[in-house]
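Novice: Data: model-v8.tsv, TSV, C-alpha atoms and all ligand atoms.
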chain	number	residue	atom	x	y	z
A	1	MET	CA	12.70	-29.45	13.23
A	2	LYS	CA	15.08	-26.65	14.14
A	3	PRO	CA	15.23	-24.12	11.33
A	4	ARG	CA	18.38	-23.30	9.48
A	5	LEU	CA	19.04	-19.58	9.01
A	6	SER	CA	21.74	-18.32	6.69
A	7	CYS	CA	22.83	-15.07	5.10
A	8	PHE	CA	24.20	-14.43	1.61
A	9	GLU	CA	26.03	-11.14	1.27
A	10	VAL	CA	25.71	-10.24	-2.42
A	11	VAL	CA	27.03	-7.51	-4.69
A	12	LEU	CA	25.03	-6.75	-7.83
A	13	PRO	CA	26.18	-3.85	-10.05
A	14	PHE	CA	23.53	-1.34	-11.16
A	15	LYS	CA	22.97	-0.63	-14.86
A	16	VAL	CA	23.14	3.08	-13.99
A	17	PRO	CA	24.67	4.51	-10.76
A	18	PHE	CA	22.01	6.03	-8.50
A	19	THR	CA	22.72	9.48	-7.04
A	20	THR	CA	20.78	11.10	-4.21
A	21	SER	CA	21.61	14.10	-2.00
A	22	PHE	CA	23.42	11.69	0.34
A	23	GLY	CA	25.66	10.01	-2.24
A	24	THR	CA	26.05	7.71	-5.25
A	25	GLN	CA	25.44	3.95	-5.21
A	26	SER	CA	26.91	1.93	-8.09
A	27	GLU	CA	25.93	-1.48	-6.82
A	28	ARG	CA	23.44	-3.14	-4.53
A	29	HIS	CA	25.39	-4.62	-1.66
A	30	ALA	CA	22.68	-6.65	0.04
A	31	LEU	CA	22.22	-9.07	2.92
A	32	LEU	CA	19.84	-11.82	1.78
A	33	PHE	CA	18.42	-14.18	4.37
A	34	ARG	CA	17.36	-17.77	3.81
A	35	LEU	CA	15.31	-19.77	6.29
A	36	GLU	CA	14.80	-23.48	5.83
A	37	ALA	CA	12.39	-25.44	8.01
A	38	ASP	CA	10.06	-28.37	7.47
A	39	GLY	CA	10.69	-28.42	3.73
A	40	VAL	CA	9.86	-24.71	3.32
A	41	VAL	CA	12.53	-22.31	2.06
A	42	ALA	CA	11.87	-18.64	2.78
A	43	TYR	CA	13.88	-15.59	1.75
A	44	SER	CA	14.15	-11.94	2.70
A	45	GLU	CA	16.38	-8.95	2.10
A	46	CYS	CA	17.74	-6.43	4.57
A	47	VAL	CA	17.50	-2.94	3.04
A	48	THR	CA	20.67	-1.63	4.67
A	49	ASP	CA	23.61	-0.58	2.52
A	50	VAL	CA	27.35	-0.43	3.27
A	51	GLY	CA	27.18	3.00	4.91
A	52	PRO	CA	24.79	4.76	7.34
A	53	HIS	CA	23.75	7.51	4.90
A	54	TYR	CA	20.02	6.93	4.39
A	55	SER	CA	19.59	6.01	8.07
A	56	TYR	CA	21.92	5.11	10.94
A	57	GLU	CA	21.83	1.40	10.11
A	58	ASP	CA	24.27	-0.29	7.77
A	59	ASN	CA	25.00	-3.87	6.73
A	60	TYR	CA	27.47	-4.33	9.55
A	61	THR	CA	25.14	-3.12	12.34
A	62	ALA	CA	22.22	-5.10	10.89
A	63	MET	CA	24.24	-8.31	10.82
A	64	HIS	CA	25.44	-7.67	14.37
A	65	ILE	CA	21.92	-7.04	15.73
A	66	ILE	CA	20.50	-10.04	13.89
A	67	ARG	CA	23.17	-12.48	15.03
A	68	GLU	CA	23.44	-11.31	18.62
A	69	TYR	CA	19.86	-10.37	19.48
A	70	LEU	CA	17.17	-11.18	16.90
A	71	ALA	CA	17.99	-14.58	15.43
A	72	LYS	CA	16.93	-16.40	18.60
A	73	PHE	CA	13.44	-14.94	18.19
A	74	VAL	CA	12.84	-16.86	14.95
A	75	GLU	CA	13.99	-20.30	16.14
A	76	ASP	CA	10.46	-21.50	16.99
A	77	LEU	CA	9.10	-19.99	13.74
A	78	PRO	CA	6.61	-17.57	15.33
A	79	VAL	CA	4.10	-15.61	13.27
A	80	PRO	CA	5.43	-12.13	12.35
A	81	LYS	CA	3.39	-10.32	15.02
A	82	VAL	CA	4.90	-12.44	17.81
A	83	PHE	CA	8.40	-11.86	16.43
A	84	LEU	CA	7.71	-8.12	16.40
A	85	GLU	CA	6.58	-8.17	20.05
A	86	ARG	CA	9.72	-10.05	21.07
A	87	SER	CA	11.94	-7.73	19.10
A	88	GLU	CA	10.70	-4.73	21.10
A	89	ALA	CA	13.48	-5.77	23.48
A	90	VAL	CA	15.82	-4.15	20.94
A	91	LYS	CA	15.50	-0.38	20.50
A	92	GLY	CA	15.47	0.84	16.91
A	93	HIS	CA	17.33	-1.18	14.24
A	94	ASN	CA	14.16	-1.48	12.19
A	95	MET	CA	15.95	-2.67	9.06
A	96	ALA	CA	17.49	-5.60	10.94
A	97	LYS	CA	14.10	-6.40	12.49
A	98	ALA	CA	12.30	-6.11	9.15
A	99	ALA	CA	14.64	-8.60	7.51
A	100	LEU	CA	13.54	-11.31	9.95
A	101	GLU	CA	9.92	-10.18	10.24
A	102	MET	CA	9.51	-10.41	6.47
A	103	LEU	CA	11.36	-13.73	6.39
A	104	LEU	CA	8.60	-15.01	8.69
A	105	TRP	CA	5.90	-13.50	6.41
A	106	ASP	CA	7.38	-15.43	3.50
A	107	TYR	CA	7.71	-18.58	5.61
A	108	HIS	CA	4.14	-18.52	6.95
A	109	SER	CA	2.54	-17.60	3.64
A	110	LYS	CA	4.48	-20.47	2.01
A	111	LEU	CA	3.27	-22.82	4.76
A	112	SER	CA	-0.30	-21.72	4.00
A	113	GLY	CA	0.31	-22.33	0.30
A	114	LYS	CA	-0.82	-18.79	-0.56
A	115	PRO	CA	1.02	-15.96	-2.28
A	116	ILE	CA	2.03	-13.33	0.27
A	117	HIS	CA	-0.35	-10.68	-1.10
A	118	GLU	CA	-3.29	-13.05	-0.48
A	119	TYR	CA	-1.97	-14.23	2.90
A	120	MET	CA	-1.74	-10.54	3.91
A	121	GLY	CA	-5.35	-9.87	2.80
A	122	GLY	CA	-6.79	-6.76	1.18
A	123	SER	CA	-4.82	-7.03	-2.08
A	124	LYS	CA	-6.14	-5.44	-5.28
A	125	GLY	CA	-4.03	-7.90	-7.28
A	126	TYR	CA	-1.85	-5.23	-8.89
A	127	ALA	CA	0.39	-2.32	-7.96
A	128	ASP	CA	0.51	1.07	-9.71
A	129	VAL	CA	4.10	1.86	-10.58
A	130	GLY	CA	6.14	5.05	-10.56
A	131	ILE	CA	9.87	5.51	-11.10
A	132	SER	CA	12.61	7.08	-8.99
A	133	ILE	CA	15.28	8.79	-11.08
A	134	GLY	CA	18.64	9.68	-9.54
A	135	MET	CA	20.56	12.90	-10.10
A	136	ASP	CA	22.84	13.26	-13.09
A	137	LYS	CA	23.60	15.89	-15.74
A	138	VAL	CA	20.31	17.67	-16.28
A	139	GLU	CA	20.02	16.56	-19.95
A	140	LYS	CA	20.31	12.94	-18.82
A	141	VAL	CA	17.67	13.41	-16.15
A	142	VAL	CA	15.25	14.95	-18.67
A	143	ALA	CA	15.95	12.12	-21.14
A	144	ARG	CA	15.24	9.50	-18.43
A	145	VAL	CA	12.00	11.25	-17.52
A	146	GLY	CA	10.98	11.02	-21.20
A	147	GLU	CA	11.83	7.31	-21.37
A	148	ALA	CA	9.86	6.66	-18.18
A	149	ILE	CA	6.76	8.33	-19.62
A	150	GLN	CA	7.19	6.31	-22.83
A	151	ARG	CA	7.35	3.09	-20.79
A	152	GLY	CA	4.05	3.92	-19.10
A	153	TYR	CA	5.13	4.79	-15.56
A	154	ARG	CA	2.26	6.41	-13.67
A	155	ARG	CA	4.39	9.07	-11.99
A	156	VAL	CA	7.96	10.26	-12.10
A	157	LYS	CA	10.03	11.11	-9.02
A	158	VAL	CA	13.36	12.83	-9.36
A	159	LYS	CA	16.05	13.36	-6.78
A	160	ILE	CA	16.98	16.92	-5.93
A	161	GLU	CA	19.48	18.60	-3.62
A	162	ARG	CA	20.13	22.08	-2.28
A	163	GLY	CA	21.31	24.27	-5.16
A	164	ARG	CA	20.14	22.00	-8.00
A	165	GLU	CA	16.38	22.07	-7.42
A	166	HIS	CA	15.48	24.73	-10.03
A	167	GLU	CA	17.93	23.43	-12.62
A	168	ILE	CA	16.42	19.93	-12.47
A	169	LEU	CA	12.72	20.67	-11.94
A	170	GLY	CA	12.73	23.67	-14.30
A	171	ALA	CA	14.25	21.64	-17.14
A	172	ILE	CA	11.73	18.83	-16.68
A	173	ARG	CA	8.70	21.11	-16.46
A	174	GLU	CA	9.81	22.98	-19.60
A	175	VAL	CA	9.54	19.76	-21.63
A	176	TYR	CA	6.83	17.97	-19.61
A	177	PRO	CA	4.56	20.59	-18.05
A	178	GLU	CA	1.76	18.15	-17.19
A	179	ILE	CA	3.21	14.81	-16.07
A	180	PRO	CA	2.64	13.64	-12.46
A	181	LEU	CA	6.01	14.72	-11.03
A	182	THR	CA	7.47	14.55	-7.51
A	183	ALA	CA	10.84	15.46	-6.00
A	184	ASP	CA	12.80	13.71	-3.24
A	185	ALA	CA	15.39	15.75	-1.31
A	186	ASN	CA	16.46	12.95	1.08
A	187	CYS	CA	16.77	15.39	4.02
A	188	ASP	CA	19.03	17.93	2.29
A	189	TYR	CA	17.26	21.12	3.49
A	190	ARG	CA	16.72	22.77	6.87
A	191	ILE	CA	13.87	25.04	7.93
A	192	LYS	CA	16.11	28.07	7.28
A	193	ASP	CA	15.84	27.13	3.59
A	194	ILE	CA	12.07	27.69	3.69
A	195	GLU	CA	12.12	30.36	0.95
A	196	ILE	CA	13.80	27.95	-1.48
A	197	LEU	CA	11.28	25.24	-0.60
A	198	LYS	CA	8.32	27.62	-1.05
A	199	SER	CA	9.67	28.53	-4.47
A	200	LEU	CA	9.16	24.89	-5.54
A	201	ASP	CA	5.38	25.46	-5.50
A	202	ARG	CA	5.68	26.73	-9.09
A	203	TYR	CA	6.48	23.20	-10.34
A	204	ASN	CA	3.11	21.80	-9.39
A	205	LEU	CA	4.56	18.67	-7.78
A	206	VAL	CA	2.22	15.92	-6.58
A	207	TYR	CA	4.31	16.13	-3.39
A	208	LEU	CA	7.77	16.99	-2.09
A	209	GLU	CA	9.43	14.03	-0.38
A	210	GLN	CA	11.42	14.38	2.85
A	211	PRO	CA	12.82	17.88	2.43
A	212	LEU	CA	14.04	18.19	6.07
A	213	ASP	CA	16.06	16.17	8.58
A	214	HIS	CA	15.71	12.37	8.86
A	215	ASP	CA	14.14	12.37	12.31
A	216	ASP	CA	12.26	15.66	12.10
A	217	LEU	CA	8.49	16.11	12.38
A	218	VAL	CA	8.15	19.55	13.96
A	219	ASP	CA	9.87	21.58	11.24
A	220	HIS	CA	8.06	19.60	8.56
A	221	ALA	CA	4.79	20.71	10.21
A	222	LYS	CA	6.03	24.31	10.18
A	223	LEU	CA	7.00	24.03	6.53
A	224	ARG	CA	3.76	22.33	5.53
A	225	LYS	CA	1.73	25.32	6.81
A	226	GLN	CA	3.64	27.68	4.52
A	227	ILE	CA	3.91	25.73	1.30
A	228	SER	CA	1.15	24.62	-1.07
A	229	THR	CA	3.02	21.54	-2.35
A	230	PRO	CA	1.93	18.51	-0.30
A	231	ILE	CA	4.61	17.01	1.97
A	232	CYS	CA	5.51	13.32	1.80
A	233	LEU	CA	7.59	11.80	4.57
A	234	ASP	CA	10.00	8.93	4.06
A	235	GLU	CA	12.99	8.85	6.48
A	236	SER	CA	11.03	10.47	9.36
A	237	ILE	CA	8.35	7.77	9.56
A	238	THR	CA	10.01	4.88	11.35
A	239	SER	CA	6.98	3.41	13.15
A	240	PRO	CA	3.18	3.50	13.36
A	241	ASP	CA	3.56	5.84	16.33
A	242	LYS	CA	5.66	8.27	14.30
A	243	ALA	CA	2.99	8.18	11.59
A	244	ARG	CA	0.29	8.97	14.13
A	245	LYS	CA	2.32	11.89	15.51
A	246	ALA	CA	3.12	13.20	12.03
A	247	PHE	CA	-0.57	13.44	11.13
A	248	GLU	CA	-1.51	14.71	14.59
A	249	ILE	CA	0.79	17.74	14.27
A	250	GLY	CA	0.20	18.23	10.54
A	251	ALA	CA	3.68	17.29	9.35
A	252	ALA	CA	2.62	15.20	6.35
A	253	ASP	CA	0.06	14.69	3.60
A	254	VAL	CA	1.59	11.52	2.21
A	255	VAL	CA	3.74	8.65	3.52
A	256	ASN	CA	6.29	6.67	1.54
A	257	ILE	CA	6.14	3.29	3.27
A	258	LYS	CA	9.22	1.12	3.02
A	259	PRO	CA	8.72	-2.06	4.98
A	260	GLY	CA	12.45	-2.22	5.73
A	261	ARG	CA	12.46	1.22	7.35
A	262	VAL	CA	9.52	0.52	9.67
A	263	GLY	CA	10.32	-2.97	10.95
A	264	GLY	CA	8.43	-4.99	8.36
A	265	PHE	CA	5.03	-5.77	6.88
A	266	THR	CA	2.95	-5.65	10.08
A	267	ASN	CA	4.01	-2.08	10.85
A	268	SER	CA	3.71	-1.10	7.18
A	269	LEU	CA	0.05	-2.12	7.12
A	270	GLU	CA	-0.57	-0.31	10.40
A	271	ILE	CA	1.02	2.89	9.06
A	272	ALA	CA	-1.08	2.65	5.90
A	273	ARG	CA	-4.23	2.40	8.06
A	274	ILE	CA	-3.22	5.36	10.23
A	275	ALA	CA	-2.35	7.57	7.24
A	276	ARG	CA	-5.55	6.76	5.31
A	277	ASP	CA	-7.71	7.23	8.45
A	278	GLN	CA	-6.24	10.72	8.73
A	279	GLY	CA	-7.06	11.53	5.11
A	280	GLY	CA	-3.47	11.03	3.99
A	281	HIS	CA	-2.09	9.14	1.01
A	282	VAL	CA	0.21	6.15	0.95
A	283	TRP	CA	2.63	4.55	-1.46
A	284	VAL	CA	5.34	1.92	-1.23
A	285	GLY	CA	8.91	3.04	-1.75
A	286	GLY	CA	12.02	1.08	-2.53
A	287	MET	CA	15.66	0.77	-1.49
A	288	LEU	CA	17.00	-0.45	-4.85
A	289	GLU	CA	16.27	-4.03	-3.75
A	290	THR	CA	17.17	-7.21	-5.59
A	291	GLY	CA	14.32	-9.40	-6.82
A	292	ILE	CA	13.79	-10.75	-3.30
A	293	GLY	CA	13.10	-7.45	-1.54
A	294	ARG	CA	11.24	-6.23	-4.64
A	295	ALA	CA	8.73	-9.10	-4.43
A	296	PHE	CA	7.77	-8.01	-0.89
A	297	ASN	CA	7.42	-4.38	-1.96
A	298	VAL	CA	5.21	-5.25	-4.94
A	299	ALA	CA	2.96	-7.45	-2.77
A	300	LEU	CA	2.57	-4.65	-0.21
A	301	ALA	CA	1.99	-2.06	-2.94
A	302	SER	CA	-0.95	-4.13	-4.19
A	303	HIS	CA	-2.82	-3.54	-0.91
A	304	SER	CA	-6.03	-1.54	-1.26
A	305	LEU	CA	-4.86	0.97	1.39
A	306	VAL	CA	-2.03	1.99	-0.95
A	307	ASP	CA	-3.54	4.67	-3.19
A	308	TYR	CA	-0.54	6.31	-4.93
A	309	PRO	CA	1.95	4.76	-7.41
A	310	GLY	CA	5.16	3.61	-5.69
A	311	ASP	CA	8.87	3.21	-6.44
A	312	THR	CA	8.52	-0.44	-7.43
A	313	SER	CA	10.04	-0.52	-10.91
A	314	PRO	CA	10.52	-3.85	-12.66
A	315	ASN	CA	13.84	-5.63	-11.92
A	316	ASP	CA	15.43	-4.71	-15.26
A	317	LYS	CA	15.46	-1.00	-14.37
A	318	TYR	CA	18.22	-1.82	-11.90
A	319	PHE	CA	20.12	-4.94	-12.95
A	320	GLU	CA	21.41	-6.63	-16.11
A	321	GLN	CA	20.76	-9.94	-14.37
A	322	ASP	CA	18.83	-10.23	-11.11
A	323	ILE	CA	19.03	-13.18	-8.72
A	324	VAL	CA	15.49	-14.30	-9.55
A	325	LYS	CA	14.47	-16.18	-12.68
A	326	ASN	CA	10.99	-14.61	-12.75
A	327	PRO	CA	11.47	-10.83	-12.79
A	328	PHE	CA	8.43	-8.54	-12.74
A	329	LYS	CA	7.01	-7.11	-15.94
A	330	MET	CA	5.23	-3.78	-16.05
A	331	ILE	CA	2.16	-3.59	-18.26
A	332	ASP	CA	0.26	-0.33	-18.60
A	333	GLY	CA	2.12	1.11	-15.58
A	334	ARG	CA	1.10	-1.79	-13.38
A	335	ILE	CA	2.85	-4.84	-11.90
A	336	LYS	CA	1.07	-7.91	-10.59
A	337	PRO	CA	2.45	-9.60	-7.48
A	338	ASN	CA	3.78	-13.13	-7.97
A	339	THR	CA	1.26	-15.96	-7.83
A	340	GLY	CA	3.43	-18.72	-6.30
A	341	PRO	CA	3.38	-19.36	-2.54
A	342	GLY	CA	4.99	-16.67	-0.36
A	343	ILE	CA	6.94	-14.04	-2.30
A	344	GLY	CA	6.78	-16.40	-5.28
A	345	VAL	CA	10.28	-15.77	-6.56
A	346	ASP	CA	12.23	-18.43	-8.34
A	347	VAL	CA	15.71	-17.80	-6.87
A	348	ASP	CA	18.58	-18.49	-9.28
A	349	LEU	CA	20.75	-20.34	-6.71
A	350	ASP	CA	23.78	-20.74	-8.99
A	351	TYR	CA	23.79	-17.03	-9.74
A	352	LEU	CA	23.10	-16.15	-6.10
A	353	ILE	CA	26.18	-18.13	-5.06
A	354	LYS	CA	28.19	-16.57	-7.88
A	355	VAL	CA	27.44	-12.99	-6.76
A	356	SER	CA	27.86	-13.78	-3.04
A	357	ILE	CA	30.97	-12.41	-1.39
A	358	LYS	CA	30.19	-14.14	1.91
A	359	MET	CA	27.86	-16.83	3.15
A	360	THR	CA	27.15	-17.12	6.87
A	361	ARG	CA	25.27	-19.74	8.83
A	362	ILE	CA	23.48	-17.90	11.64
A	363	VAL	CA	21.38	-20.66	13.21
B	401	LIG	O1	14.62	8.04	-0.64
B	401	LIG	O2	13.29	6.79	-1.66
B	401	LIG	C1	14.44	7.06	-1.33
B	401	LIG	C2	16.88	4.61	-2.96
B	401	LIG	C3	17.77	4.42	-1.93
B	401	LIG	C4	17.61	5.09	-0.76
B	401	LIG	C5	16.53	5.97	-0.60
B	401	LIG	C6	15.60	6.15	-1.62
B	401	LIG	C7	15.81	5.49	-2.83
B	401	LIG	C8	14.96	5.67	-3.99
B	401	LIG	C9	14.93	4.56	-5.03
B	401	LIG	O3	14.33	6.67	-4.23
B	401	LIG	C10	13.70	3.73	-4.96
B	401	LIG	C11	13.85	2.47	-5.79
B	401	LIG	O4	13.79	2.57	-7.00
B	401	LIG	O5	14.05	1.39	-5.18
B	402	MG	MG	12.78	8.98	-0.30
Please express what this file holds, its structure, as structure tokens.
Specialist:
Amino acid sequence: MKPRLSCFEVVLPFKVPFTTSFGTQSERHALLFRLEADGVVAYSECVTDVGPHYSYEDNYTAMHIIREYLAKFVEDLPVPKVFLERSEAVKGHNMAKAALEMLLWDYHSKLSGKPIHEYMGGSKGYADVGISIGMDKVEKVVARVGEAIQRGYRRVKVKIERGREHEILGAIREVYPEIPLTADANCDYRIKDIEILKSLDRYNLVYLEQPLDHDDLVDHAKLRKQISTPICLDESITSPDKARKAFEIGAADVVNIKPGRVGGFTNSLEIARIARDQGGHVWVGGMLETGIGRAFNVALASHSLVDYPGDTSPNDKYFEQDIVKNPFKMIDGRIKPNTGPGIGVDVDLDYLIKVSIKMTRIV
């Protein structure tokens, strides 16, 4: 039977706006994909947003690439690896590719009757959880750090930007000198700012995430030699090959793997292998996903190659009401992946339709 592929464009307001060095997001404006074939219904989420501020992709370019170039590669329901090989015909656009690659992971794990973390293999059965806290007035940031520790999060990451780094990290360390703390600059510095970055060593961070430009490796390697805080790369690692190069030239100690950024689950697992083989550390990040994208992230974060807590907070950190009826619960700083087939989410179809601003039939 020919599959049916459709897209729901949804808008879900955040409980608290999320501010990074590249801007403030007040809602998750997501493209959710639904594939129906042979009685199986699979879902996935594209991690793009309305604007090209985290990376060059946005919802509009992702939809364009999917409709014009990638959708035809899923029509015979290939396994994810075959889809990935076909999609090499398209340069870049990893977020668009990941949306369909992960849709096929959900589809094939549902066909097998297994939850995706078992279908993938190597799962520990739980994920260690950290939190990512956006920028705000410094008192609010410190208060949110305190709440996160109370809730049992296993590490706290805060967003910083040029000019606010000491205000934010200093205030947190004054109250919480010992907690596992990290900072994410989302590319806001350049190598000329090296003295500022070196001065962050005093905060004893577990790592500093993506201080320099989104596609840089060389300056990160230069910086890493002169700073004692470990360097974690996010934006710069867009493929297994980039991960290999990053470790080869000494640009990173840690990788934040986001399946959406790297073209999906297959590449995510490959990057985790490369990083761990090189003595690096790995964790699974997030893009403020709805319950659909979140279920993929939690399953990946349960893999035994993932050794650091990730940005996979439970759904209620983000939304008053998510589009799934079985949100994750965090117990003792851990979340267990869903046990139903595939991503195991129970999609609230009425609510999904209610929050959709557009529904498109692609195939
Ligand atoms: O850099 O990790 C990032 C959110 C949107 C874009 C980029 C990033 C983030 C986060 C939030 O840090 C992670 C999450 O809670 O999903
Ligand atoms: Mg980041």
Novice: Can you build me a table of chain A residues sitting at most 8 Å from ligand LIG 401 (chain B), with the closest atom pair per residue and its distance in Å to one decimal, using all atoms listed in the file, sorted by chain and residue number, as a tab-separated table?
Specialist:
residue	atom	partner	partner_atom	distance
A:Phe18	CA	B:LIG401	C2	7.7
A:Thr20	CA	B:LIG401	C5	7.6
A:Tyr54	CA	B:LIG401	C4	6.0
A:Ile131	CA	B:LIG401	O4	6.4
A:Ser132	CA	B:LIG401	O4	5.1
A:Ile133	CA	B:LIG401	O3	7.2
A:Gly134	CA	B:LIG401	O3	7.5
A:Lys157	CA	B:LIG401	O3	7.8
A:Lys159	CA	B:LIG401	O3	7.4
A:Asp184	CA	B:LIG401	O1	6.5
A:Ala185	CA	B:LIG401	O1	7.8
A:Asn186	CA	B:LIG401	O1	5.5
A:Glu209	CA	B:LIG401	O1	7.9
A:Gln210	CA	B:LIG401	O1	7.9
A:Asp234	CA	B:LIG401	O1	6.7
A:Glu235	CA	B:LIG401	O1	7.3
A:Asn256	CA	B:LIG401	O2	7.7
A:Gly285	CA	B:LIG401	O2	5.8
A:Gly286	CA	B:LIG401	O5	3.4
A:Met287	CA	B:LIG401	O5	4.1
A:Leu288	CA	B:LIG401	O5	3.5
A:Glu289	CA	B:LIG401	O5	6.0
A:Asp311	CA	B:LIG401	O4	5.0
A:Thr312	CA	B:LIG401	O4	6.1
A:Ser313	CA	B:LIG401	O4	6.2
A:Tyr318	CA	B:LIG401	O4	7.9
Novice: I'd like the contact shell of A:Val11 - 10 Å cut-off, all atoms listed in the file, skipping same-chain residues fewer than 3 positions apart - returned as a list of chain:residue names.
Specialist: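 Skipping anything fewer than 3 positions along the chain leaves A:Phe8, A:Phe14, A:Glu27, A:Arg28, A:His29, A:Ala30, A:Leu31, A:Thr290, A:Leu352, A:Lys354, A:Val355, A:Ser356, A:Ile357, A:Lys358.
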Novice: Would you pick out the contacts of stretch 84-94 of chain A at 10 Å or less, using all atoms listed in the file, so that residues sharing its chain but fewer than 3 positions from it are not included, and give the list as a PyMOL selection string?
Specialist: chain A and resi 46-48+55-58+61-62+65-66+69-74+78-81+97-101+238-239+259-264+266-267
Novice: Go ahead and dump the residues you just picked, C-alpha atoms, as a JSON list (two decimals), in the frame of the given file.
Specialist:
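Result file again_2.json:
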[["chain", "number", "residue", "atom", "x", "y", "z"],
["A", 46, "CYS", "CA", 17.74, -6.43, 4.57],
["A", 47, "VAL", "CA", 17.50, -2.94, 3.04],
["A", 48, "THR", "CA", 20.67, -1.63, 4.67],
["A", 55, "SER", "CA", 19.59, 6.01, 8.07],
["A", 56, "TYR", "CA", 21.92, 5.11, 10.94],
["A", 57, "GLU", "CA", 21.83, 1.40, 10.11],
["A", 58, "ASP", "CA", 24.27, -0.29, 7.77],
["A", 61, "THR", "CA", 25.14, -3.12, 12.34],
["A", 62, "ALA", "CA", 22.22, -5.10, 10.89],
["A", 65, "ILE", "CA", 21.92, -7.04, 15.73],
["A", 66, "ILE", "CA", 20.50, -10.04, 13.89],
["A", 69, "TYR", "CA", 19.86, -10.37, 19.48],
["A", 70, "LEU", "CA", 17.17, -11.18, 16.90],
["A", 71, "ALA", "CA", 17.99, -14.58, 15.43],
["A", 72, "LYS", "CA", 16.93, -16.40, 18.60],
["A", 73, "PHE", "CA", 13.44, -14.94, 18.19],
["A", 74, "VAL", "CA", 12.84, -16.86, 14.95],
["A", 78, "PRO", "CA", 6.61, -17.57, 15.33],
["A", 79, "VAL", "CA", 4.10, -15.61, 13.27],
["A", 80, "PRO", "CA", 5.43, -12.13, 12.35],
["A", 81, "LYS", "CA", 3.39, -10.32, 15.02],
["A", 97, "LYS", "CA", 14.10, -6.40, 12.49],
["A", 98, "ALA", "CA", 12.30, -6.11, 9.15],
["A", 99, "ALA", "CA", 14.64, -8.60, 7.51],
["A", 100, "LEU", "CA", 13.54, -11.31, 9.95],
["A", 101, "GLU", "CA", 9.92, -10.18, 10.24],
["A", 238, "THR", "CA", 10.01, 4.88, 11.35],
["A", 239, "SER", "CA", 6.98, 3.41, 13.15],
["A", 259, "PRO", "CA", 8.72, -2.06, 4.98],
["A", 260, "GLY", "CA", 12.45, -2.22, 5.73],
["A", 261, "ARG", "CA", 12.46, 1.22, 7.35],
["A", 262, "VAL", "CA", 9.52, 0.52, 9.67],
["A", 263, "GLY", "CA", 10.32, -2.97, 10.95],
["A", 264, "GLY", "CA", 8.43, -4.99, 8.36],
["A", 266, "THR", "CA", 2.95, -5.65, 10.08],
["A", 267, "ASN", "CA", 4.01, -2.08, 10.85]]
Novice: Can you list, as a count of residues only, every protein, DNA or RNA residue that comes within 10 Å of A:Tyr119 when you count all atoms listed in the file, leaving out same-chain residues fewer than 4 positions away?
Specialist: 12
Novice: So, counting all atoms listed in the file, which residue among A:Glu270, A:Asp213, A:Asp193, A:Asp38 is closest to ligand MG 402 (chain B)?
Specialist: A:Asp213
Novice: Can you tell me, as a list in words, what residues are no more than 8 Å from A:Asp219 when counting all atoms listed in the file, ignoring any on the same chain fewer than 4 positions away?
Specialist: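 The neighbour list is Ile191, Leu212, Leu223 and Ala251 of chain A.
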Novice: With all atoms listed in the file as the basis for distance, which of A:Phe22, A:Tyr126, A:Phe33, A:Tyr60 is at the shortest distance from ligand MG 402 (chain B)?
Specialist: A:Phe22
Novice: Take atom CA of A:Lys124 and atom CA of A:Asp322 and report the distance between them in Å, one decimal.
Specialist: 26.1 Å
Novice: Using all atoms listed in the file, which residue out of A:Ala183, A:Ile168, A:Ile227, A:Ile323 lies closest to ligand MG 402 (chain B)?
Specialist: A:Ala183
Novice: Can you list, as a ChimeraX atom specification, every protein, DNA or RNA residue that comes within 8 Å of stretch 345-350 of chain A when you count all atoms listed in the file, leaving out same-chain residues fewer than 3 positions away?
Specialist: /A:291-292,295,323-326,338,340,353-354
Novice: Quick one: pull the distance between atom CA of A:Val145 and atom CA of A:Gly333, Å, one decimal.
Specialist: 14.3 Å
Novice: With only C-alpha atoms and all ligand atoms as the basis for distance, which of A:Gly310, A:Gly293, A:Pro13, A:Gly279 is at the shortest distance from ligand MG 402 (chain B)?
Specialist: A:Gly310
Novice: Calculated over all atoms listed in the file, which of the candidates A:Val282, A:Val218, A:Val158, A:Met135 has the smallest distance to ligand MG 402 (chain B)?
Specialist: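 Using all atoms listed in the file, the shortest distance to ligand MG 402 (chain B) belongs to A:Val158.
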